[in-house]
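As provided, run.cif (mmCIF, C-alpha atoms, pLDDT in the B column; chains and numbers go by the auth columns) reads as follows.
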```cif
data_run
loop_
_atom_site.group_PDB
_atom_site.id
_atom_site.type_symbol
_atom_site.label_atom_id
_atom_site.label_comp_id
_atom_site.label_asym_id
_atom_site.label_seq_id
_atom_site.Cartn_x
_atom_site.Cartn_y
_atom_site.Cartn_z
_atom_site.B_iso_or_equiv
_atom_site.auth_seq_id
_atom_site.auth_asym_id
ATOM 1 C CA MET A 1 3.314 -17.053 7.794 85.00 1 A
ATOM 2 C CA SER A 2 3.410 -13.864 9.822 93.00 2 A
ATOM 3 C CA LYS A 3 2.661 -10.279 8.789 97.00 3 A
ATOM 4 C CA ARG A 4 5.572 -7.876 9.216 98.00 4 A
ATOM 5 C CA ILE A 5 4.526 -4.266 9.861 98.00 5 A
ATOM 6 C CA GLY A 6 6.778 -1.227 9.982 98.00 6 A
ATOM 7 C CA PHE A 7 5.936 1.992 11.785 98.00 7 A
ATOM 8 C CA PHE A 8 7.730 5.148 10.668 97.00 8 A
ATOM 9 C CA VAL A 9 8.005 7.280 13.804 95.00 9 A
ATOM 10 C CA PRO A 10 8.730 10.989 13.197 93.00 10 A
ATOM 11 C CA PRO A 11 9.976 13.450 15.826 91.00 11 A
ATOM 12 C CA GLN A 12 7.221 14.654 18.160 91.00 12 A
ATOM 13 C CA VAL A 13 5.148 11.551 17.412 93.00 13 A
ATOM 14 C CA SER A 14 1.818 11.319 19.171 89.00 14 A
ATOM 15 C CA LEU A 15 2.142 8.190 21.299 91.00 15 A
ATOM 16 C CA LEU A 16 -1.602 7.645 21.556 91.00 16 A
ATOM 17 C CA GLY A 17 -1.986 6.735 17.882 91.00 17 A
ATOM 18 C CA LEU A 18 1.183 4.627 17.811 93.00 18 A
ATOM 19 C CA ASP A 19 0.325 2.785 21.018 94.00 19 A
ATOM 20 C CA CYS A 20 -3.234 2.040 19.909 93.00 20 A
ATOM 21 C CA ALA A 21 -1.873 0.411 16.753 94.00 21 A
ATOM 22 C CA LEU A 22 0.852 -1.549 18.542 96.00 22 A
ATOM 23 C CA ASP A 23 -1.344 -2.692 21.392 96.00 23 A
ATOM 24 C CA THR A 24 -4.030 -3.845 18.966 95.00 24 A
ATOM 25 C CA LEU A 25 -1.443 -6.067 17.266 97.00 25 A
ATOM 26 C CA ARG A 26 -0.183 -7.326 20.631 97.00 26 A
ATOM 27 C CA VAL A 27 -3.706 -8.264 21.733 98.00 27 A
ATOM 28 C CA ALA A 28 -4.415 -9.927 18.376 97.00 28 A
ATOM 29 C CA ASN A 29 -1.301 -12.064 18.840 98.00 29 A
ATOM 30 C CA ARG A 30 -2.370 -12.963 22.362 98.00 30 A
ATOM 31 C CA VAL A 31 -5.843 -13.997 21.224 98.00 31 A
ATOM 32 C CA ARG A 32 -4.351 -16.026 18.353 97.00 32 A
ATOM 33 C CA GLY A 33 -1.800 -17.609 20.662 97.00 33 A
ATOM 34 C CA ASP A 34 1.136 -16.873 18.341 96.00 34 A
ATOM 35 C CA ASP A 35 3.215 -14.047 16.887 96.00 35 A
ATOM 36 C CA PHE A 36 1.337 -13.663 13.613 97.00 36 A
ATOM 37 C CA TYR A 37 1.886 -9.887 13.657 98.00 37 A
ATOM 38 C CA ARG A 38 5.477 -8.728 13.961 97.00 38 A
ATOM 39 C CA TRP A 39 6.448 -5.102 13.931 98.00 39 A
ATOM 40 C CA CYS A 40 9.380 -2.750 13.970 98.00 40 A
ATOM 41 C CA THR A 41 9.805 0.980 14.433 97.00 41 A
ATOM 42 C CA ILE A 42 11.758 3.137 12.018 97.00 42 A
ATOM 43 C CA GLY A 43 13.161 6.626 12.548 95.00 43 A
ATOM 44 C CA GLU A 44 14.545 9.154 10.160 91.00 44 A
ATOM 45 C CA ALA A 45 18.151 9.378 11.302 85.00 45 A
ATOM 46 C CA ASP A 46 18.421 8.138 14.877 85.00 46 A
ATOM 47 C CA HIS A 47 17.544 5.067 16.903 90.00 47 A
ATOM 48 C CA ALA A 48 15.537 7.227 19.287 92.00 48 A
ATOM 49 C CA VAL A 49 12.983 9.984 18.897 93.00 49 A
ATOM 50 C CA GLN A 50 11.564 12.643 21.206 92.00 50 A
ATOM 51 C CA THR A 51 7.792 12.166 21.502 92.00 51 A
ATOM 52 C CA SER A 52 5.134 14.847 21.788 92.00 52 A
ATOM 53 C CA ASN A 53 5.023 14.339 25.565 92.00 53 A
ATOM 54 C CA ASP A 54 8.829 14.615 25.900 92.00 54 A
ATOM 55 C CA LEU A 55 9.563 10.911 26.335 93.00 55 A
ATOM 56 C CA ARG A 56 12.512 9.489 24.469 95.00 56 A
ATOM 57 C CA LEU A 57 11.388 6.445 22.482 95.00 57 A
ATOM 58 C CA ALA A 58 13.907 3.834 21.323 95.00 58 A
ATOM 59 C CA LEU A 59 13.484 2.732 17.690 97.00 59 A
ATOM 60 C CA ASP A 60 14.550 -0.457 15.925 97.00 60 A
ATOM 61 C CA TYR A 61 15.895 0.985 12.661 97.00 61 A
ATOM 62 C CA THR A 62 16.616 4.184 10.820 96.00 62 A
ATOM 63 C CA MET A 63 15.342 4.650 7.293 94.00 63 A
ATOM 64 C CA HIS A 64 18.968 4.487 6.096 93.00 64 A
ATOM 65 C CA GLU A 65 19.460 0.915 7.277 95.00 65 A
ATOM 66 C CA SER A 66 18.538 -2.328 5.611 94.00 66 A
ATOM 67 C CA LEU A 67 15.019 -3.134 6.792 96.00 67 A
ATOM 68 C CA PRO A 68 13.321 -6.499 7.031 95.00 68 A
ATOM 69 C CA GLU A 69 10.796 -7.285 4.331 96.00 69 A
ATOM 70 C CA LEU A 70 7.531 -5.539 5.246 98.00 70 A
ATOM 71 C CA ASP A 71 3.928 -6.339 4.359 98.00 71 A
ATOM 72 C CA MET A 72 2.710 -2.937 5.567 98.00 72 A
ATOM 73 C CA LEU A 73 4.253 0.408 6.446 98.00 73 A
ATOM 74 C CA PHE A 74 2.392 2.913 8.609 97.00 74 A
ATOM 75 C CA VAL A 75 3.483 6.522 8.947 96.00 75 A
ATOM 76 C CA CYS A 76 2.716 7.810 12.430 95.00 76 A
ATOM 77 C CA GLY A 77 1.648 11.378 12.939 91.00 77 A
ATOM 78 C CA SER A 78 3.514 14.042 14.822 90.00 78 A
ATOM 79 C CA ILE A 79 1.811 16.548 17.087 87.00 79 A
ATOM 80 C CA ASP A 80 2.415 19.232 14.435 82.00 80 A
ATOM 81 C CA PRO A 81 1.220 18.008 11.017 79.00 81 A
ATOM 82 C CA ALA A 82 3.250 20.728 9.310 71.00 82 A
ATOM 83 C CA GLU A 83 6.343 18.819 10.483 67.00 83 A
ATOM 84 C CA PRO A 84 8.409 16.911 9.679 58.00 84 A
ATOM 85 C CA LYS A 85 9.213 18.237 6.245 63.00 85 A
ATOM 86 C CA SER A 86 12.514 16.451 5.944 70.00 86 A
ATOM 87 C CA ALA A 87 13.876 16.386 2.436 78.00 87 A
ATOM 88 C CA ARG A 88 14.895 12.761 3.082 87.00 88 A
ATOM 89 C CA THR A 89 11.563 11.380 4.301 92.00 89 A
ATOM 90 C CA VAL A 90 9.466 12.042 1.191 93.00 90 A
ATOM 91 C CA PRO A 91 11.859 10.299 -1.253 95.00 91 A
ATOM 92 C CA TRP A 92 12.251 7.408 1.208 96.00 92 A
ATOM 93 C CA LEU A 93 8.467 6.962 1.380 97.00 93 A
ATOM 94 C CA ARG A 94 8.287 6.921 -2.422 97.00 94 A
ATOM 95 C CA TYR A 95 11.048 4.310 -2.473 97.00 95 A
ATOM 96 C CA MET A 96 9.253 2.215 0.156 98.00 96 A
ATOM 97 C CA SER A 97 5.961 2.452 -1.765 98.00 97 A
ATOM 98 C CA ARG A 98 7.554 0.340 -4.493 97.00 98 A
ATOM 99 C CA ARG A 99 8.641 -2.311 -1.974 97.00 99 A
ATOM 100 C CA VAL A 100 5.802 -2.524 0.533 98.00 100 A
ATOM 101 C CA PRO A 101 2.367 -3.735 -0.650 97.00 101 A
ATOM 102 C CA THR A 102 0.290 -1.635 1.775 98.00 102 A
ATOM 103 C CA LEU A 103 0.912 1.867 3.132 98.00 103 A
ATOM 104 C CA GLY A 104 -0.954 3.682 5.854 97.00 104 A
ATOM 105 C CA GLY A 105 -1.102 6.777 7.981 97.00 105 A
ATOM 106 C CA ILE A 106 -2.002 7.139 11.640 96.00 106 A
ATOM 107 C CA THR A 107 -3.423 10.465 12.945 92.00 107 A
ATOM 108 C CA SER A 108 -1.553 13.103 10.907 93.00 108 A
ATOM 109 C CA GLY A 109 0.703 10.543 9.194 94.00 109 A
ATOM 110 C CA ALA A 110 -1.394 11.044 6.065 95.00 110 A
ATOM 111 C CA PHE A 111 0.308 14.439 5.628 95.00 111 A
ATOM 112 C CA LEU A 112 3.652 12.783 4.869 94.00 112 A
ATOM 113 C CA LEU A 113 2.045 10.236 2.562 96.00 113 A
ATOM 114 C CA ALA A 114 0.287 13.059 0.710 96.00 114 A
ATOM 115 C CA ARG A 115 3.500 15.108 0.449 94.00 115 A
ATOM 116 C CA ALA A 116 5.091 12.070 -1.176 95.00 116 A
ATOM 117 C CA GLY A 117 2.203 11.859 -3.682 96.00 117 A
ATOM 118 C CA LEU A 118 1.151 8.488 -2.257 98.00 118 A
ATOM 119 C CA LEU A 119 -2.473 9.442 -1.576 98.00 119 A
ATOM 120 C CA ASP A 120 -3.191 10.875 -5.020 98.00 120 A
ATOM 121 C CA GLY A 121 -6.391 9.237 -6.274 97.00 121 A
ATOM 122 C CA TYR A 122 -7.191 7.745 -2.861 98.00 122 A
ATOM 123 C CA THR A 123 -9.630 8.589 -0.091 98.00 123 A
ATOM 124 C CA CYS A 124 -8.072 9.002 3.336 98.00 124 A
ATOM 125 C CA THR A 125 -8.758 10.263 6.821 97.00 125 A
ATOM 126 C CA VAL A 126 -6.770 12.280 9.355 95.00 126 A
ATOM 127 C CA HIS A 127 -7.282 13.355 12.949 92.00 127 A
ATOM 128 C CA TRP A 128 -10.261 15.722 13.143 91.00 128 A
ATOM 129 C CA GLU A 129 -8.085 18.564 14.516 91.00 129 A
ATOM 130 C CA ASN A 130 -6.038 18.481 11.318 92.00 130 A
ATOM 131 C CA ALA A 131 -8.710 17.741 8.716 94.00 131 A
ATOM 132 C CA ASP A 132 -9.241 21.360 7.614 95.00 132 A
ATOM 133 C CA LEU A 133 -5.500 21.959 7.298 94.00 133 A
ATOM 134 C CA PHE A 134 -5.149 18.747 5.279 95.00 134 A
ATOM 135 C CA ARG A 135 -7.959 19.798 2.938 97.00 135 A
ATOM 136 C CA GLN A 136 -6.281 23.185 2.426 96.00 136 A
ATOM 137 C CA GLU A 137 -2.843 21.716 1.758 94.00 137 A
ATOM 138 C CA PHE A 138 -4.124 18.864 -0.434 96.00 138 A
ATOM 139 C CA PRO A 139 -7.362 20.028 -2.084 97.00 139 A
ATOM 140 C CA ASP A 140 -7.302 17.232 -4.685 96.00 140 A
ATOM 141 C CA ILE A 141 -7.228 14.390 -2.130 98.00 141 A
ATOM 142 C CA ARG A 142 -10.582 13.124 -0.882 97.00 142 A
ATOM 143 C CA VAL A 143 -10.796 13.272 2.932 97.00 143 A
ATOM 144 C CA SER A 144 -13.367 11.299 4.871 97.00 144 A
ATOM 145 C CA ASP A 145 -14.546 12.094 8.390 94.00 145 A
ATOM 146 C CA ALA A 146 -14.509 8.361 9.172 95.00 146 A
ATOM 147 C CA VAL A 147 -12.318 7.026 11.971 94.00 147 A
ATOM 148 C CA PHE A 148 -10.493 4.819 9.468 94.00 148 A
ATOM 149 C CA VAL A 149 -10.460 4.412 5.711 97.00 149 A
ATOM 150 C CA ILE A 150 -9.207 1.481 3.654 97.00 150 A
ATOM 151 C CA ASP A 151 -8.891 2.372 -0.023 97.00 151 A
ATOM 152 C CA ARG A 152 -7.238 -0.422 -1.988 98.00 152 A
ATOM 153 C CA ASP A 153 -3.611 -0.564 -0.776 98.00 153 A
ATOM 154 C CA ARG A 154 -3.847 2.496 1.477 98.00 154 A
ATOM 155 C CA MET A 155 -5.089 2.520 5.075 98.00 155 A
ATOM 156 C CA THR A 156 -5.497 5.668 7.151 97.00 156 A
ATOM 157 C CA SER A 157 -6.723 6.200 10.662 96.00 157 A
ATOM 158 C CA ALA A 158 -7.828 9.361 12.403 93.00 158 A
ATOM 159 C CA GLY A 159 -6.007 8.083 15.493 82.00 159 A
ATOM 160 C CA GLY A 160 -6.503 6.475 18.823 64.00 160 A
ATOM 161 C CA PHE A 161 -9.728 7.561 20.493 46.00 161 A
#
```

Have the structure of the file written as structure tokens, please.
Amino acid sequence: MSKRIGFFVPPQVSLLGLDCALDTLRVANRVRGDDFYRWCTIGEADHAVQTSNDLRLALDYTMHESLPELDMLFVCGSIDPAEPKSARTVPWLRYMSRRVPTLGGITSGAFLLARAGLLDGYTCTVHWENADLFRQEFPDIRVSDAVFVIDRDRMTSAGGF
């Protein structure tokens, strides 16, 4: 049985964090000799998103479409952690938290999870450039300086280094 992983890709996504996650899964599949890990990309309202380095990245789904069943959902970080603040993304993440067993954040993706209240009572990590801002915005959430943190059903990564 394979693991199905979704990646929510906001506007101005940092490709380094997303690519490190995707390429790790690709290599794991190659070493295993099968497609144990399957993934899809999800955007807010469009099937493409402008990245932080001005590339246009095609996406598999929007958050308004019927998605395949997921075992994990990772929220990728944008270059500006103050964005996106879409009124639609936070309720969608709360909805998905009831349907997906494991949630995670990559680089500044933890900001969106925290805005949705999905890191309350958890320890997480964010990219070092954004750690102070995260601590200011979410003083009640424990932030580690570790490269990655797994706390029960939440996984966060400071990014691709």

Query - Pick from A:Val9, A:Ile150, A:Ala114, A:Cys20 nearest to Thr62 in chain A, counting all atoms listed in the file - result: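 Once distances to Thr62 in chain A are computed over all atoms listed in the file, the minimum belongs to A:Val9.
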
Next item on the list: Would you translate the PyMOL selection byres ((chain A and resi 6) around 9) into the concrete set of residues it matches in this file, as a VMD selection string?
Entry: chain A and resid 4 to 5 7 to 8 38 to 42 68 70 to 75

(message) List as a list in words the residues having at least one atom at most 9 Å from position (-5.4, 0.2, -1.8) as given in the file, counting only C-alpha atoms.
(response)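 Residues lying no farther than 9 Å from the given point: Pro101, Thr102, Leu103, Tyr122, Ile150, Asp151, Arg152, Asp153, Arg154 and Met155 of chain A.
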
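The set of residues that the PyMOL selection byres ((chain A and resi 94) around 10) takes from this file is Thr89, Val90, Pro91, Trp92, Leu93, Tyr95, Met96, Ser97, Arg98, Arg99, Leu113, Arg115, Ala116, Gly117 and Leu118 of chain A.
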
| said: Could you list, as an NGL selection string, every residue matched by the PyMOL selection byres ((chain A and resi 107) around 8) in this structure? | reply: :A and (17 or 76-77 or 105-106 or 108-110 or 126-127 or 156-160)

Grab the residues selected above and save them as a CSV table (one decimal), in the frame of the given file with C-alpha atoms.
```csv
chain,number,residue,atom,x,y,z
A,17,GLY,CA,-2.0,6.7,17.9
A,76,CYS,CA,2.7,7.8,12.4
A,77,GLY,CA,1.6,11.4,12.9
A,105,GLY,CA,-1.1,6.8,8.0
A,106,ILE,CA,-2.0,7.1,11.6
A,108,SER,CA,-1.6,13.1,10.9
A,109,GLY,CA,0.7,10.5,9.2
A,110,ALA,CA,-1.4,11.0,6.1
A,126,VAL,CA,-6.8,12.3,9.4
A,127,HIS,CA,-7.3,13.4,12.9
A,156,THR,CA,-5.5,5.7,7.2
A,157,SER,CA,-6.7,6.2,10.7
A,158,ALA,CA,-7.8,9.4,12.4
A,159,GLY,CA,-6.0,8.1,15.5
A,160,GLY,CA,-6.5,6.5,18.8
```

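Our summary of the geometry notes that CA of Arg88 in chain A is positioned 26.3 Å from CA of Glu129 in chain A.
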
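Of the residues under consideration (A:Asp132, A:Val100, A:Ile141, A:Leu18), A:Ile141 shows the shortest atom-to-atom contact distance to Leu119 in chain A when counting only C-alpha atoms.
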
Fill-in result for range 6-38 of chain A, N, CA and C atoms as a compact mmCIF listing (two decimals), in the coordinates of the input:
```txt
# COMPACT_ATOMS: atom_id res chain seq x y z
N GLY A 6 5.87 -2.28 9.58
CA GLY A 6 6.78 -1.23 9.98
C GLY A 6 6.01 0.03 10.36
N PHE A 7 6.51 0.72 11.35
CA PHE A 7 5.94 1.99 11.78
C PHE A 7 7.02 3.06 11.68
N PHE A 8 6.82 4.01 10.75
CA PHE A 8 7.73 5.15 10.67
C PHE A 8 7.33 6.14 11.75
N VAL A 9 8.28 6.47 12.62
CA VAL A 9 8.01 7.28 13.80
C VAL A 9 8.76 8.61 13.69
N PRO A 10 8.06 9.70 13.35
CA PRO A 10 8.73 10.99 13.20
C PRO A 10 8.97 11.65 14.55
N PRO A 11 9.82 12.67 14.59
CA PRO A 11 9.98 13.45 15.83
C PRO A 11 8.63 14.02 16.27
N GLN A 12 8.45 14.12 17.55
CA GLN A 12 7.22 14.65 18.16
C GLN A 12 6.01 13.78 17.84
N VAL A 13 6.24 12.48 17.69
CA VAL A 13 5.15 11.55 17.41
C VAL A 13 4.13 11.59 18.55
N SER A 14 2.88 11.46 18.19
CA SER A 14 1.82 11.32 19.17
C SER A 14 1.76 9.86 19.58
N LEU A 15 2.08 9.58 20.83
CA LEU A 15 2.14 8.19 21.30
C LEU A 15 0.78 7.51 21.33
N LEU A 16 -0.29 8.26 21.47
CA LEU A 16 -1.60 7.64 21.56
C LEU A 16 -1.92 6.85 20.30
N GLY A 17 -1.71 7.44 19.13
CA GLY A 17 -1.99 6.74 17.88
C GLY A 17 -1.07 5.54 17.69
N LEU A 18 0.22 5.72 17.95
CA LEU A 18 1.18 4.63 17.81
C LEU A 18 0.86 3.49 18.78
N ASP A 19 0.60 3.82 20.03
CA ASP A 19 0.32 2.78 21.02
C ASP A 19 -0.97 2.03 20.72
N CYS A 20 -1.98 2.74 20.26
CA CYS A 20 -3.23 2.04 19.91
C CYS A 20 -2.99 1.01 18.82
N ALA A 21 -2.18 1.36 17.83
CA ALA A 21 -1.87 0.41 16.75
C ALA A 21 -1.05 -0.76 17.28
N LEU A 22 0.00 -0.48 18.03
CA LEU A 22 0.85 -1.55 18.54
C LEU A 22 0.13 -2.46 19.53
N ASP A 23 -0.65 -1.86 20.41
CA ASP A 23 -1.34 -2.69 21.39
C ASP A 23 -2.44 -3.54 20.75
N THR A 24 -3.05 -3.05 19.69
CA THR A 24 -4.03 -3.84 18.97
C THR A 24 -3.36 -5.09 18.38
N LEU A 25 -2.17 -4.92 17.82
CA LEU A 25 -1.44 -6.07 17.27
C LEU A 25 -1.02 -7.03 18.37
N ARG A 26 -0.57 -6.49 19.50
CA ARG A 26 -0.18 -7.33 20.63
C ARG A 26 -1.35 -8.17 21.12
N VAL A 27 -2.52 -7.54 21.27
CA VAL A 27 -3.71 -8.26 21.73
C VAL A 27 -4.12 -9.30 20.70
N ALA A 28 -4.06 -8.96 19.42
CA ALA A 28 -4.42 -9.93 18.38
C ALA A 28 -3.51 -11.16 18.46
N ASN A 29 -2.23 -10.93 18.67
CA ASN A 29 -1.30 -12.06 18.84
C ASN A 29 -1.65 -12.89 20.07
N ARG A 30 -2.01 -12.24 21.13
CA ARG A 30 -2.37 -12.96 22.36
C ARG A 30 -3.62 -13.82 22.15
N VAL A 31 -4.61 -13.26 21.50
CA VAL A 31 -5.84 -14.00 21.22
C VAL A 31 -5.56 -15.18 20.29
N ARG A 32 -4.71 -14.96 19.29
CA ARG A 32 -4.35 -16.03 18.35
C ARG A 32 -3.48 -17.09 19.01
N GLY A 33 -2.71 -16.68 20.00
CA GLY A 33 -1.80 -17.61 20.66
C GLY A 33 -0.48 -17.78 19.93
N ASP A 34 -0.15 -16.82 19.06
CA ASP A 34 1.14 -16.87 18.34
C ASP A 34 1.60 -15.45 18.03
N ASP A 35 2.68 -15.36 17.28
CA ASP A 35 3.22 -14.05 16.89
C ASP A 35 2.96 -13.78 15.41
N PHE A 36 1.70 -13.88 15.01
CA PHE A 36 1.34 -13.66 13.61
C PHE A 36 1.75 -12.26 13.16
N TYR A 37 1.50 -11.26 13.99
CA TYR A 37 1.89 -9.89 13.66
C TYR A 37 3.23 -9.59 14.31
N ARG A 38 4.16 -9.15 13.49
CA ARG A 38 5.48 -8.73 13.96
C ARG A 38 5.67 -7.29 13.49
```
